[in-house]
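*Asks:* My structure is stored as entry_20.txt, with compact mmCIF, C-alpha atoms.
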```
# COMPACT_ATOMS: atom_id res chain seq x y z
CA MET A 1441 22.85 14.75 11.77
CA ALA A 1442 20.48 15.52 14.64
CA GLU A 1443 21.97 12.86 16.94
CA HIS A 1444 25.22 14.84 17.03
CA ASN A 1445 23.55 18.13 17.98
CA GLY A 1446 25.41 19.72 20.87
CA LYS A 1447 28.56 17.66 20.31
CA ILE A 1448 31.58 19.73 21.34
CA LEU A 1449 34.28 19.83 18.66
CA GLU A 1450 36.75 22.36 20.01
CA ILE A 1451 37.39 24.41 23.16
CA THR A 1452 39.73 27.41 23.30
CA ARG A 1453 40.39 29.70 26.24
CA PHE A 1454 39.34 33.34 26.02
CA PRO A 1455 40.67 36.27 28.11
CA SER A 1456 38.13 37.02 30.83
CA PRO A 1457 37.19 40.53 32.02
CA ASN A 1458 36.47 39.02 35.44
CA PRO A 1459 39.35 37.30 37.31
CA ASN A 1460 36.82 35.00 39.02
CA VAL A 1461 35.20 33.76 35.82
CA GLU A 1462 36.86 31.50 33.27
CA LEU A 1463 35.83 32.00 29.62
CA LYS A 1464 36.13 29.58 26.72
CA VAL A 1465 34.99 29.63 23.11
CA ILE A 1466 33.30 26.37 22.18
CA THR A 1467 32.71 25.04 18.67
CA TYR A 1468 29.75 22.65 18.61
CA LEU A 1469 27.51 20.90 16.10
CA SER A 1470 24.06 22.15 15.17
CA ASN A 1471 22.33 20.22 12.37
CA GLY A 1472 25.69 19.45 10.77
CA LEU A 1473 26.99 23.03 11.03
CA LYS A 1474 29.95 24.04 13.16
CA VAL A 1475 28.64 26.86 15.35
CA LYS A 1476 30.46 28.80 18.05
CA GLY A 1477 29.50 30.10 21.47
CA MET A 1478 31.01 31.29 24.73
CA LEU A 1479 31.12 29.31 27.97
CA ALA A 1480 31.61 31.10 31.29
CA GLU A 1481 32.34 29.29 34.55
CA PRO A 1482 32.76 30.71 38.05
CA PRO A 1483 35.07 28.82 40.44
CA HIS A 1484 33.14 25.83 41.75
CA GLU A 1485 33.50 22.46 43.39
CA GLY A 1486 30.77 20.06 42.45
CA SER A 1487 27.88 21.07 40.22
CA LEU A 1488 26.04 24.31 39.45
CA ASP A 1489 22.91 25.21 37.52
CA GLY A 1490 23.33 25.88 33.80
CA PHE A 1491 22.28 29.15 32.17
CA LEU A 1492 21.58 29.28 28.43
CA TYR A 1493 22.10 32.89 27.31
CA LEU A 1494 20.33 33.69 24.03
CA ARG A 1495 21.51 36.98 22.58
CA GLY A 1496 19.50 39.54 20.67
CA GLY A 1497 20.14 41.27 17.35
CA ILE A 1498 21.46 39.71 14.18
CA LYS A 1499 25.03 39.39 12.88
CA ASN A 1500 27.19 42.11 14.48
CA VAL A 1501 24.26 43.84 16.20
CA GLY A 1502 23.76 42.47 19.70
CA LYS A 1503 26.86 40.23 19.69
CA VAL A 1504 27.63 38.16 22.79
CA ARG A 1505 29.63 40.36 25.18
CA PRO A 1506 32.14 38.54 27.40
CA ALA A 1507 31.52 40.96 30.29
CA ARG A 1508 27.78 40.29 30.18
CA ILE A 1509 28.25 36.51 30.19
CA ALA A 1510 30.75 36.80 33.04
CA GLN A 1511 28.22 38.90 34.98
CA PHE A 1512 25.70 36.03 34.97
CA ALA A 1513 28.40 33.43 35.71
CA ALA A 1514 29.42 35.50 38.76
CA GLU A 1515 25.88 34.91 40.07
CA GLY A 1516 26.75 31.21 40.37
CA PHE A 1517 25.81 29.70 36.99
CA ILE A 1518 27.67 27.87 34.25
CA VAL A 1519 26.68 30.04 31.30
CA PHE A 1520 26.71 29.13 27.63
CA ALA A 1521 25.92 31.76 24.99
CA PRO A 1522 25.65 30.59 21.36
CA TYR A 1523 26.75 33.12 18.72
CA TYR A 1524 24.27 31.52 16.25
CA ARG A 1525 25.25 30.19 12.82
CA GLY A 1526 27.30 32.35 10.46
CA ASN A 1527 28.74 34.50 13.25
CA GLN A 1528 32.31 34.87 14.52
CA GLY A 1529 33.67 32.00 12.45
CA GLY A 1530 30.62 29.72 12.62
CA GLU A 1531 29.23 28.01 9.53
CA GLY A 1532 25.89 28.74 7.86
CA ASN A 1533 23.70 31.84 7.83
CA GLU A 1534 21.71 33.32 10.67
CA ASP A 1535 18.02 33.66 9.84
CA PHE A 1536 16.30 35.47 12.70
CA ALA A 1537 14.50 32.75 14.71
CA GLY A 1538 14.09 30.37 11.77
CA GLU A 1539 16.53 27.50 11.22
CA ASP A 1540 18.96 29.14 13.65
CA ARG A 1541 16.64 28.12 16.51
CA GLU A 1542 18.44 24.79 16.15
CA ASP A 1543 21.62 26.52 17.37
CA ALA A 1544 19.86 27.38 20.63
CA TYR A 1545 18.56 23.82 21.01
CA ALA A 1546 22.01 22.35 20.34
CA ALA A 1547 23.50 24.87 22.82
CA TYR A 1548 21.05 23.59 25.45
CA GLN A 1549 22.42 20.11 24.73
CA VAL A 1550 25.99 21.41 25.13
CA LEU A 1551 25.09 22.48 28.69
CA LYS A 1552 23.27 19.20 29.29
CA SER A 1553 26.40 17.26 28.29
CA LEU A 1554 28.57 18.94 30.94
CA SER A 1555 28.83 16.74 34.01
CA CYS A 1556 29.03 19.76 36.35
CA VAL A 1557 25.66 21.19 35.19
CA ARG A 1558 22.49 20.48 37.20
CA ASP A 1559 19.24 22.18 36.17
CA ILE A 1560 19.26 24.41 33.08
CA HIS A 1561 17.65 27.85 32.92
CA ILE A 1562 16.93 29.66 29.65
CA PHE A 1563 17.43 33.41 29.24
CA GLY A 1564 16.72 35.52 26.16
CA PHE A 1565 17.25 39.21 25.55
CA SER A 1566 15.45 41.06 22.73
CA ARG A 1567 15.34 38.76 19.66
CA GLY A 1568 16.71 36.13 22.09
CA GLY A 1569 13.33 36.24 23.84
CA VAL A 1570 11.62 34.38 21.02
CA MET A 1571 14.59 31.97 20.89
CA ALA A 1572 14.16 31.32 24.64
CA LEU A 1573 10.46 30.54 24.26
CA TRP A 1574 11.15 28.10 21.42
CA THR A 1575 13.90 26.42 23.45
CA GLY A 1576 11.51 26.10 26.41
CA ILE A 1577 8.97 24.48 24.07
CA GLN A 1578 11.65 22.08 22.81
CA PHE A 1579 12.92 21.23 26.32
CA PRO A 1580 9.92 21.25 28.70
CA GLU A 1581 12.21 19.98 31.50
CA ALA A 1582 14.04 23.36 31.65
CA ALA A 1583 14.00 24.79 35.18
CA SER A 1584 12.92 28.30 34.17
CA ILE A 1585 12.64 30.77 31.27
CA VAL A 1586 13.39 34.49 31.46
CA THR A 1587 12.68 36.86 28.59
CA TRP A 1588 14.03 40.42 28.98
CA GLY A 1589 12.87 43.04 26.47
CA GLY A 1590 11.96 39.96 24.46
CA VAL A 1591 10.32 39.60 21.08
CA SER A 1592 7.26 37.35 21.24
CA ASP A 1593 5.49 38.10 17.95
CA MET A 1594 7.45 38.30 14.69
CA THR A 1595 4.65 40.01 12.74
CA LEU A 1596 4.53 42.71 15.41
CA THR A 1597 8.31 43.17 15.09
CA TYR A 1598 7.92 43.66 11.33
CA LYS A 1599 5.18 46.25 11.88
CA GLU A 1600 7.05 48.14 14.60
CA ARG A 1601 10.58 48.17 13.23
CA LYS A 1602 10.73 49.92 9.87
CA ASP A 1603 14.54 49.72 10.09
CA LEU A 1604 14.40 45.89 10.22
CA ARG A 1605 11.92 45.35 7.39
CA LYS A 1606 14.50 45.01 4.63
CA MET A 1607 16.44 42.40 6.63
CA MET A 1608 13.26 40.52 7.61
CA LYS A 1609 11.98 40.44 4.02
CA ARG A 1610 15.35 39.12 2.86
CA VAL A 1611 15.66 36.48 5.59
CA ILE A 1612 11.99 35.41 5.81
CA GLY A 1613 11.32 35.80 2.08
CA GLY A 1614 8.71 38.56 2.10
CA THR A 1615 6.25 40.57 4.19
CA PRO A 1616 3.79 39.22 6.80
CA ASP A 1617 0.93 40.21 4.48
CA LYS A 1618 2.35 38.07 1.70
CA TYR A 1619 3.62 35.17 3.86
CA PRO A 1620 1.67 35.21 7.15
CA ASP A 1621 2.50 31.54 7.80
CA ARG A 1622 6.25 32.16 7.67
CA TYR A 1623 5.95 34.79 10.40
CA LYS A 1624 3.59 32.59 12.39
CA GLU A 1625 6.07 29.70 12.17
CA ARG A 1626 8.66 31.91 13.86
CA THR A 1627 6.25 33.10 16.58
CA ALA A 1628 6.29 30.92 19.69
CA LEU A 1629 3.00 32.35 21.05
CA TYR A 1630 1.06 29.69 19.15
CA GLU A 1631 2.82 26.74 20.79
CA LEU A 1632 3.10 27.80 24.43
CA GLU A 1633 0.97 24.82 25.52
CA LYS A 1634 4.20 22.81 25.40
CA ILE A 1635 6.05 25.04 27.89
CA GLU A 1636 6.21 23.62 31.40
CA ALA A 1637 8.86 25.84 32.99
CA PRO A 1638 7.85 28.95 34.95
CA VAL A 1639 8.33 32.12 32.88
CA LEU A 1640 9.57 35.53 34.04
CA ILE A 1641 8.90 38.49 31.73
CA ILE A 1642 11.07 41.63 32.21
CA HIS A 1643 10.28 44.69 30.09
CA GLY A 1644 10.82 48.42 30.02
CA VAL A 1645 7.48 50.13 29.32
CA ASN A 1646 9.22 52.80 27.18
CA ASP A 1647 11.03 50.22 25.03
CA HIS A 1648 10.96 51.37 21.39
CA ASN A 1649 13.11 48.50 20.03
CA VAL A 1650 10.70 45.81 21.25
CA THR A 1651 7.49 47.41 22.52
CA VAL A 1652 5.90 46.31 25.78
CA GLU A 1653 3.02 44.91 23.67
CA HIS A 1654 5.28 41.86 23.06
CA ALA A 1655 5.38 41.27 26.81
CA HIS A 1656 1.63 41.82 27.21
CA ARG A 1657 0.83 39.33 24.44
CA LEU A 1658 3.10 36.74 26.02
CA GLU A 1659 1.70 37.34 29.50
CA ARG A 1660 -1.93 37.11 28.30
CA ARG A 1661 -1.28 33.90 26.36
CA LEU A 1662 0.57 32.18 29.24
CA LYS A 1663 -2.16 33.18 31.71
CA SER A 1664 -4.89 31.93 29.39
CA LEU A 1665 -3.10 28.55 29.42
CA ASP A 1666 -2.70 28.62 33.24
CA LYS A 1667 1.09 28.58 32.91
CA PRO A 1668 3.18 29.99 35.80
CA VAL A 1669 4.25 33.50 34.79
CA GLU A 1670 5.65 36.49 36.65
CA CYS A 1671 6.10 39.98 35.16
CA TRP A 1672 8.49 42.76 36.12
CA TYR A 1673 7.55 45.90 34.23
CA PHE A 1674 9.72 49.00 34.57
CA GLU A 1675 7.69 52.14 33.79
CA GLU A 1676 10.61 54.50 33.22
CA PHE A 1677 13.01 52.38 31.14
CA THR A 1678 13.59 51.64 27.45
CA HIS A 1679 15.27 48.59 25.86
CA TYR A 1680 18.43 49.30 27.86
CA PHE A 1681 18.40 49.78 31.61
CA PRO A 1682 20.85 52.09 33.44
CA PRO A 1683 23.94 50.14 34.68
CA ALA A 1684 23.06 50.15 38.40
CA VAL A 1685 19.49 49.00 37.72
CA ASN A 1686 20.78 46.46 35.22
CA ARG A 1687 23.08 44.92 37.86
CA LYS A 1688 20.24 44.73 40.37
CA VAL A 1689 17.87 43.10 37.86
CA VAL A 1690 20.59 40.57 36.91
CA HIS A 1691 20.96 39.70 40.61
CA ASP A 1692 17.19 39.54 41.19
CA LEU A 1693 16.45 37.40 38.14
CA SER A 1694 19.32 35.04 39.08
CA LYS A 1695 17.76 34.65 42.52
CA TRP A 1696 14.35 34.07 40.93
CA MET A 1697 15.85 31.38 38.68
CA LYS A 1698 17.49 29.58 41.60
CA ASN A 1699 14.14 29.55 43.39
CA GLN A 1700 12.65 27.64 40.44
CA SER A 1701 15.37 24.98 40.49
CA LYS A 1702 14.01 21.47 40.80
CA ARG A 1703 16.37 20.34 43.56
```
Please, can you express the file's structure as structure tokens?

*Replies:*
Amino acid sequence: MAEHNGKILEITRFPSPNPNVELKVITYLSNGLKVKGMLAEPPHEGSLDGFLYLRGGIKNVGKVRPARIAQFAAEGFIVFAPYYRGNQGGEGNEDFAGEDREDAYAAYQVLKSLSCVRDIHIFGFSRGGVMALWTGIQFPEAASIVTWGGVSDMTLTYKERKDLRKMMKRVIGGTPDKYPDRYKERTALYELEKIEAPVLIIHGVNDHNVTVEHAHRLERRLKSLDKPVECWYFEEFTHYFPPAVNRKVVHDLSKWMKNQSKR
């Protein structure tokens, strides 16, 4: 099945909140499952860089928002945001950075298959942060990786988020004390040697959803491996930044990404 990963099966138009950005829902193959995602394109002649948007949350929490995708497309990228398996009409069951990592890899291949896409950048928010790191490990040729409020250690998430423990035990099969290897298998920190793209870490120091310790662990590990890493820490913010700051950070990180492009 793997050779068909990223094969596009269906494309349907979707009403866009931004008149300058065209949105489509794409059904694509990921390990034999039909998974859906949203593609956003600004007006362009010729090619643009691709932007893989990896959402946070699970199921209906942290769903892909058309306005958010359009916001990144308006910065001059062709954006693709997988919904992950089992969501919004897709087959299978999401499993929190386990098998559903394949949906991110196949989504990368969707972007790669588009003739108008040049370099591909990987972006992950919250739980999408760990998905972004795994995708960067899988595709070392990626132009850049940005993790914003991103999870980097799944055991730490279990310890910090009492409200997620029931879901994590169900999806992962137990606690980190009982199955440390299962949590380690989902934690990209242990395989960062394989990342070649420059990494940008963005984190609010007062984040209670994903504490800044996730960012510190990622930063320390990348630096210990002599990998290119830049960090933007925001002392006063939580998991969610105020709208005006959010817009500025979107613009700044887009500029940072373009500076990493290989052309």

*Asks:* Hey, can I get the axis-aligned box for range 1471-1486 of chain A? All listed atoms, 8 Å padding on each side, centre and edge lengths in Å to one decimal, as AutoDock Vina command-line options.

*Replies:*
```
--center_x 28.7 --center_y 25.4 --center_z 27.1 --size_x 28.7 --size_y 27.8 --size_z 48.6
```

*Asks:* For Pro1522 in chain A, which residue out of A:Gly1472, A:Pro1457, A:Gly1446, A:Pro1482 is the nearest one, using only C-alpha atoms?

*Replies:*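 Among the listed residues, A:Gly1446 lies closest to Pro1522 in chain A.
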
*Asks:* Excluding Asn1458 in chain A and residues on its chain fewer than 6 positions from it, collect all residues at most 12 Å away from it, counting all atoms listed in the file, and give them as a PyMOL selection string.

*Replies:* chain A and resi 1480-1483+1506-1514

*Asks:* How close does range 1514-1536 of chain A get to range 1547-1564 of chain A? List, as a tab-separated table, each residue of range 1514-1536 of chain A within 9 Å, its nearest atom pair and the distance in Å to one decimal, counting only C-alpha atoms.

*Replies:*
```
residue	atom	partner	partner_atom	distance
A:Phe1517	CA	A:Val1557	CA	8.7
A:Ile1518	CA	A:Val1557	CA	7.0
A:Val1519	CA	A:Leu1551	CA	8.2
A:Phe1520	CA	A:Leu1551	CA	6.9
A:Ala1521	CA	A:Ala1547	CA	7.6
A:Pro1522	CA	A:Ala1547	CA	6.3
```

*Asks:* Could you check how far CA of Phe1565 in chain A sits from CA of His1679 in chain A, in Å to one decimal?

*Replies:* 9.6 Å

*Asks:* Could you give me, as a list in words, the residues that sit within 10 Å of (21.8, 21.2, 16.5) in the file's coordinates, counting all atoms listed in the file?

*Replies:*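 The residues near that point, listed by chain and number, are Met1441, Ala1442, Glu1443, His1444, Asn1445, Gly1446, Lys1447, Tyr1468, Leu1469, Ser1470, Asn1471, Gly1472, Leu1473, Lys1474, Val1475, Glu1539, Asp1540, Arg1541, Glu1542, Asp1543, Ala1544, Tyr1545, Ala1546, Ala1547, Tyr1548, Gln1549 and Val1550 of chain A.
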
*Asks:* Ranking A:Tyr1673, A:Trp1574, A:Phe1491, A:Tyr1523 by minimum distance to Leu1629 in chain A and counting only C-alpha atoms, which one comes first?

*Replies:*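 Result for the nearest residue to Leu1629 in chain A: A:Trp1574.
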